[in-house]
Amino acid sequence: MATARPIQKARYMKRHVAENRRHWDASADQWVEMGERAWAASEPTWGIWAVPQADAPLLPDDMTGLRAIELGCGTGYVSAWMHRRGATVTAIDNSAKQLATAARLASEHEITDIEWIHGNAEEVDKPDQSYDFAISEYGAAIWCDPRVWVPEAARLLRPGGRLVMLGNSPLAIVCIPPDGSATDHRLHRSYFELGEVDWTEAEVDPGGIEFNLPISAWFELFRSSGFTVENYLELRAPADASGTHYETPAVWARHYPSEQVWFVRRN
């Protein structure tokens, strides 16, 4: 079975990196079944509402010859989808236990040539312009500091290379109560002061440390990092969705964006 190699260790680990590593190692078993389903899927679906690839085309249909990296891969299913489209794939994640699941599933699906790296997507031990395509679905997109990982993604991409990221909508974040209970119709925090969102002491669903920005700040960050924004999607729950998914009620997400997708190109 393939194993993940660690990147060169920094002299110290930032608090959010250490806390998120602890959180995801502790909760890794909860994501195994979902990872197994996603690895077995014939076509990608995206986000908490399983939006079909046809409605949110995060991956090119043909990735033959592309060098691709997944920034925060979790159980690695997005990396598997890219591999099946013809890409040469590197995947990095902060959780050794998540990567162990990814490596096991790769072996079971007879995929032996994805490079699994145990490390922080804010500092990837790869040369400049190593990749043609980078993606993060709920990986670096929310668990890494965007003012660090987005410039790092730009460094890793060749000119003309593309970055796609999917994560929580900033509107959804301001509508989550401080105790971590379900998203509601009140504004619980400042939109313009969005940045680090610490859920480690949340009463209802304690978690790690997330990041988000106002939409205008995302535009400025991409511009200053050397990216051009090509598209932006706001994902909503489908009409037949019901219940609450990851603390987001479907009835809320039918009327307001629970997730965002950015498509940007390296200048």
# chains A, B, ... in the order shown; residues from 1 in each chain; ligands from 1
>>> residues_around(residues="Asp240 in chain A", least_positions_apart="2", cutoff="12 Å", atoms="only C-alpha atoms", output="PyMOL selection string")
chain A and resi 49+236-238+242-243+250-251+253-254
>>> residues_around(residues="range 115-127 of chain A", least_positions_apart="5", cutoff="10 Å", atoms="only C-alpha atoms", output="mmCIF file with all heavy atoms, in the first residue's frame")
data_model
loop_
_atom_site.group_PDB
_atom_site.id
_atom_site.type_symbol
_atom_site.label_atom_id
_atom_site.label_comp_id
_atom_site.auth_asym_id
_atom_site.auth_seq_id
_atom_site.Cartn_x
_atom_site.Cartn_y
_atom_site.Cartn_z
ATOM 1 N N ALA A 2 0.501 2.257 -0.803
ATOM 2 C CA ALA A 2 1.239 3.509 -0.820
ATOM 3 C C ALA A 2 1.089 4.225 0.509
ATOM 4 O O ALA A 2 0.064 4.132 1.171
ATOM 5 C CB ALA A 2 0.724 4.395 -1.948
ATOM 6 N N THR A 3 2.128 4.936 0.914
ATOM 7 C CA THR A 3 2.073 5.715 2.138
ATOM 8 C C THR A 3 2.421 7.158 1.831
ATOM 9 O O THR A 3 3.053 7.464 0.820
ATOM 10 C CB THR A 3 3.050 5.172 3.194
ATOM 11 O OG1 THR A 3 4.377 5.176 2.640
ATOM 12 C CG2 THR A 3 2.678 3.765 3.602
ATOM 13 N N ALA A 4 1.983 8.056 2.718
ATOM 14 C CA ALA A 4 2.248 9.473 2.523
ATOM 15 C C ALA A 4 3.605 9.824 3.097
ATOM 16 O O ALA A 4 3.964 9.401 4.194
ATOM 17 C CB ALA A 4 1.168 10.300 3.207
ATOM 18 N N ARG A 5 4.359 10.579 2.353
ATOM 19 C CA ARG A 5 5.642 11.031 2.879
ATOM 20 C C ARG A 5 5.449 12.381 3.551
ATOM 21 O O ARG A 5 4.691 13.230 3.076
ATOM 22 C CB ARG A 5 6.687 11.144 1.765
ATOM 23 C CG ARG A 5 6.447 12.249 0.757
ATOM 24 C CD ARG A 5 7.629 12.403 -0.185
ATOM 25 N NE ARG A 5 7.441 13.476 -1.126
ATOM 26 C CZ ARG A 5 7.721 14.745 -0.880
ATOM 27 N NH1 ARG A 5 8.174 15.104 0.300
ATOM 28 N NH2 ARG A 5 7.544 15.676 -1.810
ATOM 29 N N PRO A 6 6.116 12.642 4.668
ATOM 30 C CA PRO A 6 5.996 13.949 5.313
ATOM 31 C C PRO A 6 6.826 14.986 4.583
ATOM 32 O O PRO A 6 7.881 14.681 4.035
ATOM 33 C CB PRO A 6 6.548 13.698 6.725
ATOM 34 C CG PRO A 6 7.530 12.580 6.538
ATOM 35 C CD PRO A 6 6.966 11.719 5.431
ATOM 36 N N ILE A 7 6.344 16.223 4.563
ATOM 37 C CA ILE A 7 7.171 17.290 4.034
ATOM 38 C C ILE A 7 8.183 17.694 5.101
ATOM 39 O O ILE A 7 8.077 17.316 6.269
ATOM 40 C CB ILE A 7 6.340 18.519 3.596
ATOM 41 C CG1 ILE A 7 5.655 19.190 4.804
ATOM 42 C CG2 ILE A 7 5.318 18.140 2.569
ATOM 43 C CD1 ILE A 7 5.044 20.524 4.462
ATOM 44 N N GLN A 8 9.166 18.494 4.699
ATOM 45 C CA GLN A 8 10.168 18.952 5.643
ATOM 46 C C GLN A 8 9.494 19.736 6.760
ATOM 47 O O GLN A 8 8.679 20.617 6.518
ATOM 48 C CB GLN A 8 11.188 19.839 4.928
ATOM 49 C CG GLN A 8 12.336 20.292 5.817
ATOM 50 C CD GLN A 8 13.339 21.102 5.040
ATOM 51 O OE1 GLN A 8 13.144 21.365 3.866
ATOM 52 N NE2 GLN A 8 14.409 21.498 5.683
ATOM 53 N N LYS A 9 9.816 19.405 8.004
ATOM 54 C CA LYS A 9 9.149 20.031 9.132
ATOM 55 C C LYS A 9 9.622 21.464 9.335
ATOM 56 O O LYS A 9 10.801 21.758 9.273
ATOM 57 C CB LYS A 9 9.388 19.224 10.413
ATOM 58 C CG LYS A 9 8.735 17.846 10.393
ATOM 59 C CD LYS A 9 8.981 17.128 11.707
ATOM 60 C CE LYS A 9 8.312 15.768 11.700
ATOM 61 N NZ LYS A 9 8.564 15.040 12.968
ATOM 62 N N ALA A 10 8.649 22.364 9.598
ATOM 63 C CA ALA A 10 9.001 23.734 9.954
ATOM 64 C C ALA A 10 9.515 23.745 11.389
ATOM 65 O O ALA A 10 9.324 22.792 12.156
ATOM 66 C CB ALA A 10 7.769 24.632 9.820
ATOM 67 N N MET A 13 4.911 24.986 14.503
ATOM 68 C CA MET A 13 3.649 24.791 13.807
ATOM 69 C C MET A 13 2.656 25.840 14.285
ATOM 70 O O MET A 13 2.440 26.003 15.491
ATOM 71 C CB MET A 13 3.103 23.377 14.070
ATOM 72 C CG MET A 13 1.906 23.015 13.210
ATOM 73 S SD MET A 13 1.340 21.300 13.498
ATOM 74 C CE MET A 13 2.736 20.385 12.837
ATOM 75 N N VAL A 17 -2.776 25.273 12.346
ATOM 76 C CA VAL A 17 -2.298 24.047 11.692
ATOM 77 C C VAL A 17 -2.286 22.898 12.700
ATOM 78 O O VAL A 17 -2.764 21.792 12.416
ATOM 79 C CB VAL A 17 -0.903 24.260 11.086
ATOM 80 C CG1 VAL A 17 -0.382 22.964 10.465
ATOM 81 C CG2 VAL A 17 -0.945 25.371 10.032
ATOM 82 N N ALA A 18 -1.749 23.153 13.892
ATOM 83 C CA ALA A 18 -1.688 22.116 14.919
ATOM 84 C C ALA A 18 -3.084 21.703 15.373
ATOM 85 O O ALA A 18 -3.372 20.508 15.528
ATOM 86 C CB ALA A 18 -0.873 22.612 16.110
ATOM 87 N N ARG A 21 -4.851 19.708 12.660
ATOM 88 C CA ARG A 21 -4.292 18.357 12.578
ATOM 89 C C ARG A 21 -4.878 17.483 13.683
ATOM 90 O O ARG A 21 -5.294 16.340 13.432
ATOM 91 C CB ARG A 21 -2.770 18.410 12.678
ATOM 92 C CG ARG A 21 -2.103 17.046 12.693
ATOM 93 C CD ARG A 21 -0.600 17.143 12.521
ATOM 94 N NE ARG A 21 -0.247 17.614 11.191
ATOM 95 C CZ ARG A 21 1.005 17.716 10.744
ATOM 96 N NH1 ARG A 21 2.016 17.371 11.524
ATOM 97 N NH2 ARG A 21 1.250 18.147 9.528
ATOM 98 N N ILE A 69 -2.547 19.066 -8.431
ATOM 99 C CA ILE A 69 -2.342 18.924 -6.995
ATOM 100 C C ILE A 69 -3.646 19.229 -6.280
ATOM 101 O O ILE A 69 -4.360 20.178 -6.626
ATOM 102 C CB ILE A 69 -1.208 19.831 -6.482
ATOM 103 C CG1 ILE A 69 -0.947 19.568 -4.991
ATOM 104 C CG2 ILE A 69 -1.472 21.304 -6.758
ATOM 105 C CD1 ILE A 69 0.346 20.184 -4.473
ATOM 106 N N GLU A 70 -3.970 18.377 -5.287
ATOM 107 C CA GLU A 70 -5.119 18.631 -4.419
ATOM 108 C C GLU A 70 -4.601 19.160 -3.092
ATOM 109 O O GLU A 70 -3.807 18.503 -2.416
ATOM 110 C CB GLU A 70 -5.951 17.368 -4.208
ATOM 111 C CG GLU A 70 -7.209 17.661 -3.392
ATOM 112 C CD GLU A 70 -8.097 16.468 -3.142
ATOM 113 O OE1 GLU A 70 -7.743 15.349 -3.564
ATOM 114 O OE2 GLU A 70 -9.153 16.663 -2.504
ATOM 115 N N LEU A 71 -5.071 20.325 -2.708
ATOM 116 C CA LEU A 71 -4.584 21.022 -1.522
ATOM 117 C C LEU A 71 -5.550 20.775 -0.365
ATOM 118 O O LEU A 71 -6.566 21.449 -0.230
ATOM 119 C CB LEU A 71 -4.440 22.515 -1.823
ATOM 120 C CG LEU A 71 -3.483 22.841 -2.971
ATOM 121 C CD1 LEU A 71 -3.605 24.296 -3.388
ATOM 122 C CD2 LEU A 71 -2.038 22.515 -2.578
ATOM 123 N N GLY A 72 -5.205 19.808 0.464
ATOM 124 C CA GLY A 72 -6.095 19.377 1.531
ATOM 125 C C GLY A 72 -7.012 18.288 1.018
ATOM 126 O O GLY A 72 -8.186 18.504 0.770
ATOM 127 N N CYS A 73 -6.478 17.087 0.860
ATOM 128 C CA CYS A 73 -7.183 16.045 0.098
ATOM 129 C C CYS A 73 -8.095 15.175 0.930
ATOM 130 O O CYS A 73 -8.917 14.429 0.376
ATOM 131 C CB CYS A 73 -6.174 15.170 -0.639
ATOM 132 S SG CYS A 73 -5.123 14.172 0.459
ATOM 133 N N GLY A 76 -9.048 11.657 -0.248
ATOM 134 C CA GLY A 76 -8.395 11.560 -1.545
ATOM 135 C C GLY A 76 -9.278 11.302 -2.747
ATOM 136 O O GLY A 76 -8.768 11.079 -3.845
ATOM 137 N N SER A 79 -8.639 13.534 -5.781
ATOM 138 C CA SER A 79 -7.408 13.108 -6.455
ATOM 139 C C SER A 79 -7.662 11.895 -7.341
ATOM 140 O O SER A 79 -7.127 11.795 -8.454
ATOM 141 C CB SER A 79 -6.326 12.796 -5.422
ATOM 142 O OG SER A 79 -5.871 13.977 -4.798
ATOM 143 N N THR A 88 -1.551 13.498 -13.755
ATOM 144 C CA THR A 88 -0.540 13.054 -12.809
ATOM 145 C C THR A 88 -0.770 13.836 -11.525
ATOM 146 O O THR A 88 -0.749 15.075 -11.541
ATOM 147 C CB THR A 88 0.873 13.322 -13.344
ATOM 148 O OG1 THR A 88 1.049 12.619 -14.579
ATOM 149 C CG2 THR A 88 1.930 12.895 -12.349
ATOM 150 N N VAL A 89 -1.010 13.142 -10.410
ATOM 151 C CA VAL A 89 -1.598 13.795 -9.234
ATOM 152 C C VAL A 89 -0.686 13.735 -8.016
ATOM 153 O O VAL A 89 -0.119 12.690 -7.678
ATOM 154 C CB VAL A 89 -2.954 13.145 -8.887
ATOM 155 C CG1 VAL A 89 -3.594 13.844 -7.675
ATOM 156 C CG2 VAL A 89 -3.904 13.192 -10.084
ATOM 157 N N THR A 90 -0.597 14.887 -7.341
ATOM 158 C CA THR A 90 -0.032 15.005 -6.003
ATOM 159 C C THR A 90 -1.160 15.429 -5.066
ATOM 160 O O THR A 90 -2.009 16.234 -5.446
ATOM 161 C CB THR A 90 1.085 16.061 -5.962
ATOM 162 O OG1 THR A 90 2.139 15.679 -6.848
ATOM 163 C CG2 THR A 90 1.640 16.234 -4.564
ATOM 164 N N ALA A 91 -1.174 14.888 -3.856
ATOM 165 C CA ALA A 91 -2.203 15.242 -2.880
ATOM 166 C C ALA A 91 -1.545 15.467 -1.526
ATOM 167 O O ALA A 91 -0.756 14.640 -1.069
ATOM 168 C CB ALA A 91 -3.256 14.141 -2.787
ATOM 169 N N ILE A 92 -1.870 16.581 -0.890
ATOM 170 C CA ILE A 92 -1.304 16.905 0.418
ATOM 171 C C ILE A 92 -2.431 17.076 1.423
ATOM 172 O O ILE A 92 -3.496 17.614 1.101
ATOM 173 C CB ILE A 92 -0.428 18.182 0.339
ATOM 174 C CG1 ILE A 92 0.268 18.450 1.687
ATOM 175 C CG2 ILE A 92 -1.221 19.395 -0.126
ATOM 176 C CD1 ILE A 92 1.342 19.529 1.594
ATOM 177 N N ASP A 93 -2.208 16.588 2.644
ATOM 178 C CA ASP A 93 -3.186 16.788 3.704
ATOM 179 C C ASP A 93 -2.479 16.868 5.049
ATOM 180 O O ASP A 93 -1.416 16.264 5.259
ATOM 181 C CB ASP A 93 -4.223 15.657 3.722
ATOM 182 C CG ASP A 93 -5.474 16.054 4.489
ATOM 183 O OD1 ASP A 93 -6.354 16.700 3.891
ATOM 184 O OD2 ASP A 93 -5.563 15.758 5.698
ATOM 185 N N ASN A 94 -3.117 17.591 5.962
ATOM 186 C CA ASN A 94 -2.556 17.847 7.282
ATOM 187 C C ASN A 94 -2.754 16.676 8.239
ATOM 188 O O ASN A 94 -2.120 16.620 9.283
ATOM 189 C CB ASN A 94 -3.230 19.114 7.849
ATOM 190 C CG ASN A 94 -2.517 19.693 9.039
ATOM 191 O OD1 ASN A 94 -1.340 19.434 9.274
ATOM 192 N ND2 ASN A 94 -3.232 20.486 9.819
ATOM 193 N N SER A 95 -3.654 15.746 7.900
ATOM 194 C CA SER A 95 -4.007 14.647 8.796
ATOM 195 C C SER A 95 -3.414 13.328 8.306
ATOM 196 O O SER A 95 -3.774 12.833 7.233
ATOM 197 C CB SER A 95 -5.531 14.517 8.904
ATOM 198 O OG SER A 95 -5.896 13.293 9.499
ATOM 199 N N ALA A 96 -2.567 12.734 9.110
ATOM 200 C CA ALA A 96 -1.984 11.440 8.748
ATOM 201 C C ALA A 96 -3.060 10.354 8.682
ATOM 202 O O ALA A 96 -2.995 9.454 7.842
ATOM 203 C CB ALA A 96 -0.908 11.058 9.763
ATOM 204 N N LYS A 97 -4.059 10.448 9.545
ATOM 205 C CA LYS A 97 -5.097 9.412 9.551
ATOM 206 C C LYS A 97 -6.005 9.521 8.334
ATOM 207 O O LYS A 97 -6.446 8.500 7.786
ATOM 208 C CB LYS A 97 -5.896 9.495 10.850
ATOM 209 C CG LYS A 97 -5.072 9.066 12.062
ATOM 210 C CD LYS A 97 -5.935 8.847 13.288
ATOM 211 C CE LYS A 97 -5.112 8.277 14.421
ATOM 212 N NZ LYS A 97 -5.929 8.031 15.640
ATOM 213 N N GLN A 98 -6.292 10.728 7.884
ATOM 214 C CA GLN A 98 -7.046 10.872 6.650
ATOM 215 C C GLN A 98 -6.253 10.310 5.475
ATOM 216 O O GLN A 98 -6.798 9.626 4.597
ATOM 217 C CB GLN A 98 -7.368 12.355 6.402
ATOM 218 C CG GLN A 98 -8.410 12.938 7.337
ATOM 219 C CD GLN A 98 -9.825 12.685 6.847
ATOM 220 O OE1 GLN A 98 -10.320 11.571 6.917
ATOM 221 N NE2 GLN A 98 -10.472 13.719 6.356
ATOM 222 N N LEU A 99 -4.962 10.590 5.455
ATOM 223 C CA LEU A 99 -4.115 10.095 4.372
ATOM 224 C C LEU A 99 -3.999 8.575 4.391
ATOM 225 O O LEU A 99 -3.868 7.942 3.332
ATOM 226 C CB LEU A 99 -2.732 10.728 4.451
ATOM 227 C CG LEU A 99 -2.638 12.175 3.963
ATOM 228 C CD1 LEU A 99 -1.293 12.769 4.341
ATOM 229 C CD2 LEU A 99 -2.865 12.262 2.469
ATOM 230 N N ALA A 100 -4.054 7.982 5.578
ATOM 231 C CA ALA A 100 -4.018 6.525 5.641
ATOM 232 C C ALA A 100 -5.247 5.932 4.960
ATOM 233 O O ALA A 100 -5.148 4.919 4.235
ATOM 234 C CB ALA A 100 -3.940 6.067 7.102
ATOM 235 N N ALA A 102 -6.915 7.461 2.545
ATOM 236 C CA ALA A 102 -6.717 7.726 1.112
ATOM 237 C C ALA A 102 -5.805 6.685 0.485
ATOM 238 O O ALA A 102 -6.094 6.146 -0.601
ATOM 239 C CB ALA A 102 -6.145 9.128 0.920
ATOM 240 N N ALA A 103 -4.697 6.379 1.131
ATOM 241 C CA ALA A 103 -3.748 5.405 0.583
ATOM 242 C C ALA A 103 -4.371 4.014 0.511
ATOM 243 O O ALA A 103 -4.144 3.270 -0.458
ATOM 244 C CB ALA A 103 -2.480 5.389 1.426
ATOM 245 N N SER A 136 -9.084 22.570 -4.383
ATOM 246 C CA SER A 136 -9.361 22.314 -2.976
ATOM 247 C C SER A 136 -10.859 22.337 -2.760
ATOM 248 O O SER A 136 -11.513 23.351 -2.983
ATOM 249 C CB SER A 136 -8.699 23.367 -2.078
ATOM 250 O OG SER A 136 -9.024 23.106 -0.725
ATOM 251 N N GLY A 139 -10.722 21.729 1.807
ATOM 252 C CA GLY A 139 -9.414 21.392 2.330
ATOM 253 C C GLY A 139 -8.748 22.704 2.715
ATOM 254 O O GLY A 139 -9.182 23.403 3.638
ATOM 255 N N ALA A 140 -7.682 23.060 1.991
ATOM 256 C CA ALA A 140 -7.084 24.373 2.199
ATOM 257 C C ALA A 140 -8.126 25.481 2.059
ATOM 258 O O ALA A 140 -8.020 26.523 2.711
ATOM 259 C CB ALA A 140 -5.956 24.585 1.194
ATOM 260 N N ALA A 141 -9.144 25.244 1.241
ATOM 261 C CA ALA A 141 -10.178 26.247 0.978
ATOM 262 C C ALA A 141 -10.780 26.825 2.243
ATOM 263 O O ALA A 141 -11.190 27.994 2.256
ATOM 264 C CB ALA A 141 -11.278 25.641 0.100
ATOM 265 N N TRP A 143 -9.572 25.421 5.735
ATOM 266 C CA TRP A 143 -8.796 25.092 6.922
ATOM 267 C C TRP A 143 -7.421 25.752 6.956
ATOM 268 O O TRP A 143 -6.705 25.633 7.952
ATOM 269 C CB TRP A 143 -8.642 23.580 7.041
ATOM 270 C CG TRP A 143 -9.953 22.880 7.186
ATOM 271 C CD1 TRP A 143 -10.582 22.107 6.252
ATOM 272 C CD2 TRP A 143 -10.827 22.891 8.321
ATOM 273 N NE1 TRP A 143 -11.784 21.646 6.737
ATOM 274 C CE2 TRP A 143 -11.964 22.109 8.001
ATOM 275 C CE3 TRP A 143 -10.766 23.497 9.588
ATOM 276 C CZ2 TRP A 143 -13.018 21.905 8.893
ATOM 277 C CZ3 TRP A 143 -11.816 23.294 10.472
ATOM 278 C CH2 TRP A 143 -12.920 22.508 10.125
ATOM 279 N N CYS A 144 -7.037 26.411 5.879
ATOM 280 C CA CYS A 144 -5.753 27.120 5.831
ATOM 281 C C CYS A 144 -5.997 28.617 5.719
ATOM 282 O O CYS A 144 -7.040 29.063 5.234
ATOM 283 C CB CYS A 144 -4.917 26.641 4.644
ATOM 284 S SG CYS A 144 -4.335 24.938 4.793
ATOM 285 N N ASP A 145 -5.018 29.384 6.147
ATOM 286 C CA ASP A 145 -5.101 30.837 6.071
ATOM 287 C C ASP A 145 -5.029 31.249 4.596
ATOM 288 O O ASP A 145 -4.016 31.025 3.940
ATOM 289 C CB ASP A 145 -3.932 31.443 6.842
ATOM 290 C CG ASP A 145 -3.985 32.961 6.920
ATOM 291 O OD1 ASP A 145 -4.685 33.588 6.090
ATOM 292 O OD2 ASP A 145 -3.311 33.517 7.800
ATOM 293 N N PRO A 146 -6.093 31.854 4.052
ATOM 294 C CA PRO A 146 -6.085 32.146 2.613
ATOM 295 C C PRO A 146 -4.984 33.106 2.201
ATOM 296 O O PRO A 146 -4.500 33.040 1.065
ATOM 297 C CB PRO A 146 -7.477 32.740 2.365
ATOM 298 C CG PRO A 146 -7.952 33.208 3.701
ATOM 299 C CD PRO A 146 -7.349 32.278 4.696
ATOM 300 N N ARG A 147 -4.577 33.978 3.095
ATOM 301 C CA ARG A 147 -3.522 34.939 2.737
ATOM 302 C C ARG A 147 -2.149 34.274 2.675
ATOM 303 O O ARG A 147 -1.170 34.905 2.285
ATOM 304 C CB ARG A 147 -3.543 36.110 3.716
ATOM 305 C CG ARG A 147 -4.811 36.959 3.560
ATOM 306 C CD ARG A 147 -4.776 38.229 4.392
ATOM 307 N NE ARG A 147 -5.873 39.107 4.032
ATOM 308 C CZ ARG A 147 -7.078 39.092 4.602
ATOM 309 N NH1 ARG A 147 -7.328 38.235 5.579
ATOM 310 N NH2 ARG A 147 -8.027 39.928 4.225
ATOM 311 N N VAL A 148 -2.100 33.002 3.048
ATOM 312 C CA VAL A 148 -0.868 32.213 2.918
ATOM 313 C C VAL A 148 -1.018 31.154 1.831
ATOM 314 O O VAL A 148 -0.163 31.019 0.957
ATOM 315 C CB VAL A 148 -0.490 31.555 4.266
ATOM 316 C CG1 VAL A 148 0.791 30.746 4.125
ATOM 317 C CG2 VAL A 148 -0.348 32.609 5.349
ATOM 318 N N TRP A 149 -2.113 30.390 1.870
ATOM 319 C CA TRP A 149 -2.205 29.265 0.935
ATOM 320 C C TRP A 149 -2.509 29.710 -0.489
ATOM 321 O O TRP A 149 -2.061 29.042 -1.441
ATOM 322 C CB TRP A 149 -3.199 28.211 1.413
ATOM 323 C CG TRP A 149 -4.656 28.440 1.116
ATOM 324 C CD1 TRP A 149 -5.592 28.956 1.950
ATOM 325 C CD2 TRP A 149 -5.349 28.112 -0.091
ATOM 326 N NE1 TRP A 149 -6.824 28.995 1.351
ATOM 327 C CE2 TRP A 149 -6.704 28.476 0.089
ATOM 328 C CE3 TRP A 149 -4.963 27.568 -1.317
ATOM 329 C CZ2 TRP A 149 -7.671 28.310 -0.908
ATOM 330 C CZ3 TRP A 149 -5.933 27.396 -2.308
ATOM 331 C CH2 TRP A 149 -7.264 27.757 -2.098
ATOM 332 N N VAL A 150 -3.242 30.804 -0.694
ATOM 333 C CA VAL A 150 -3.524 31.234 -2.068
ATOM 334 C C VAL A 150 -2.245 31.696 -2.774
ATOM 335 O O VAL A 150 -1.973 31.263 -3.915
ATOM 336 C CB VAL A 150 -4.622 32.317 -2.093
ATOM 337 C CG1 VAL A 150 -4.743 32.935 -3.481
ATOM 338 C CG2 VAL A 150 -5.974 31.706 -1.688
ATOM 339 N N PRO A 151 -1.399 32.535 -2.159
ATOM 340 C CA PRO A 151 -0.111 32.831 -2.808
ATOM 341 C C PRO A 151 0.758 31.589 -3.003
ATOM 342 O O PRO A 151 1.497 31.502 -3.995
ATOM 343 C CB PRO A 151 0.547 33.822 -1.840
ATOM 344 C CG PRO A 151 -0.587 34.461 -1.113
ATOM 345 C CD PRO A 151 -1.613 33.379 -0.965
ATOM 346 N N GLU A 152 0.669 30.629 -2.083
ATOM 347 C CA GLU A 152 1.433 29.394 -2.260
ATOM 348 C C GLU A 152 0.925 28.610 -3.467
ATOM 349 O O GLU A 152 1.717 28.061 -4.243
ATOM 350 C CB GLU A 152 1.346 28.539 -0.981
ATOM 351 C CG GLU A 152 2.025 27.195 -1.061
ATOM 352 C CD GLU A 152 3.547 27.249 -1.097
ATOM 353 O OE1 GLU A 152 4.118 28.342 -1.372
ATOM 354 O OE2 GLU A 152 4.196 26.211 -0.878
ATOM 355 N N ALA A 153 -0.395 28.572 -3.651
ATOM 356 C CA ALA A 153 -0.951 27.915 -4.840
ATOM 357 C C ALA A 153 -0.479 28.612 -6.108
ATOM 358 O O ALA A 153 -0.163 27.964 -7.113
ATOM 359 C CB ALA A 153 -2.473 27.901 -4.773
ATOM 360 N N ARG A 155 2.323 30.177 -6.497
ATOM 361 C CA ARG A 155 3.722 29.794 -6.699
ATOM 362 C C ARG A 155 3.824 28.427 -7.357
ATOM 363 O O ARG A 155 4.692 28.191 -8.220
ATOM 364 C CB ARG A 155 4.447 29.773 -5.343
ATOM 365 C CG ARG A 155 5.934 29.433 -5.450
ATOM 366 C CD ARG A 155 6.557 29.213 -4.086
ATOM 367 N NE ARG A 155 6.097 27.978 -3.448
ATOM 368 C CZ ARG A 155 6.540 26.765 -3.736
ATOM 369 N NH1 ARG A 155 7.453 26.588 -4.688
ATOM 370 N NH2 ARG A 155 6.090 25.711 -3.085
ATOM 371 N N LEU A 156 2.956 27.510 -6.968
ATOM 372 C CA LEU A 156 3.030 26.139 -7.466
ATOM 373 C C LEU A 156 2.550 26.003 -8.908
ATOM 374 O O LEU A 156 2.903 25.032 -9.586
ATOM 375 C CB LEU A 156 2.187 25.222 -6.577
ATOM 376 C CG LEU A 156 2.707 24.991 -5.157
ATOM 377 C CD1 LEU A 156 1.633 24.307 -4.314
ATOM 378 C CD2 LEU A 156 3.981 24.155 -5.175
ATOM 379 N N LEU A 157 1.731 26.950 -9.372
ATOM 380 C CA LEU A 157 1.132 26.844 -10.702
ATOM 381 C C LEU A 157 1.971 27.538 -11.759
ATOM 382 O O LEU A 157 2.522 28.623 -11.530
ATOM 383 C CB LEU A 157 -0.271 27.444 -10.694
ATOM 384 C CG LEU A 157 -1.352 26.618 -9.979
ATOM 385 C CD1 LEU A 157 -2.616 27.456 -9.795
ATOM 386 C CD2 LEU A 157 -1.669 25.341 -10.762
#
>>> closest_residue(among="A:Ala87, A:Ala68, A:Leu105, A:Ile48", to="Leu235 in chain A", atoms="only C-alpha atoms")
A:Ile48
>>> select_by_dssp(residues="range 110-244 of chain A", states="strand (DSSP E or B)", output="PyMOL selection string")
chain A and resi 115-118+131-137+157-168+196-198+209-211+227-235+244
>>> residues_around(residues="range 212-222 of chain A", least_positions_apart="4", cutoff="7 Å", atoms="only C-alpha atoms", output="ChimeraX atom specification")
/A:142,170,191-192,194-196,226-228
>>> atom_distance(atom1="CA of Pro60 in chain A", atom2="CA of Ser225 in chain A")
23.1 Å
>>> closest_residue(among="A:Leu187, A:Ile111, A:Val197, A:Met63", to="Gly86 in chain A", atoms="only C-alpha atoms")
A:Met63
>>> select_by_dssp(residues="range 79-238 of chain A", states="alpha helix (DSSP H)", output="count of residues only")
49
>>> residues_around(residues="Gly167 in chain A", least_positions_apart="3", cutoff="7 Å", atoms="only C-alpha atoms", output="ChimeraX atom specification")
/A:137-138,141-142,259-261
>>> write_last_selection(atoms="N, CA, C and O atoms", output="PDB file, in the first residue's frame")
ATOM      1  N   GLU A 137     -11.409  21.189  -2.354  1.00  0.00           N
ATOM      2  CA  GLU A 137     -12.796  21.108  -1.914  1.00  0.00           C
ATOM      3  C   GLU A 137     -12.778  20.879  -0.406  1.00  0.00           C
ATOM      4  O   GLU A 137     -12.429  19.807   0.064  1.00  0.00           O
ATOM      5  N   TYR A 138     -13.135  21.900   0.359  1.00  0.00           N
ATOM      6  CA  TYR A 138     -13.126  21.795   1.815  1.00  0.00           C
ATOM      7  C   TYR A 138     -11.807  21.253   2.346  1.00  0.00           C
ATOM      8  O   TYR A 138     -11.767  20.414   3.233  1.00  0.00           O
ATOM      9  N   ALA A 141      -9.144  25.244   1.241  1.00  0.00           N
ATOM     10  CA  ALA A 141     -10.178  26.247   0.978  1.00  0.00           C
ATOM     11  C   ALA A 141     -10.780  26.825   2.243  1.00  0.00           C
ATOM     12  O   ALA A 141     -11.190  27.994   2.256  1.00  0.00           O
ATOM     13  N   ILE A 142     -10.863  26.022   3.318  1.00  0.00           N
ATOM     14  CA  ILE A 142     -11.414  26.577   4.563  1.00  0.00           C
ATOM     15  C   ILE A 142     -10.501  26.382   5.768  1.00  0.00           C
ATOM     16  O   ILE A 142     -10.635  27.115   6.752  1.00  0.00           O
ATOM     17  N   GLU A 259     -22.500  27.521  -0.112  1.00  0.00           N
ATOM     18  CA  GLU A 259     -21.144  27.227  -0.577  1.00  0.00           C
ATOM     19  C   GLU A 259     -20.772  28.137  -1.743  1.00  0.00           C
ATOM     20  O   GLU A 259     -21.649  28.621  -2.472  1.00  0.00           O
ATOM     21  N   GLN A 260     -19.479  28.354  -1.898  1.00  0.00           N
ATOM     22  CA  GLN A 260     -18.965  29.134  -3.021  1.00  0.00           C
ATOM     23  C   GLN A 260     -17.895  28.345  -3.752  1.00  0.00           C
ATOM     24  O   GLN A 260     -17.189  27.528  -3.161  1.00  0.00           O
ATOM     25  N   VAL A 261     -17.785  28.609  -5.053  1.00  0.00           N
ATOM     26  CA  VAL A 261     -16.740  28.006  -5.879  1.00  0.00           C
ATOM     27  C   VAL A 261     -16.057  29.118  -6.663  1.00  0.00           C
ATOM     28  O   VAL A 261     -16.723  29.905  -7.361  1.00  0.00           O
TER      29      VAL A 261
END
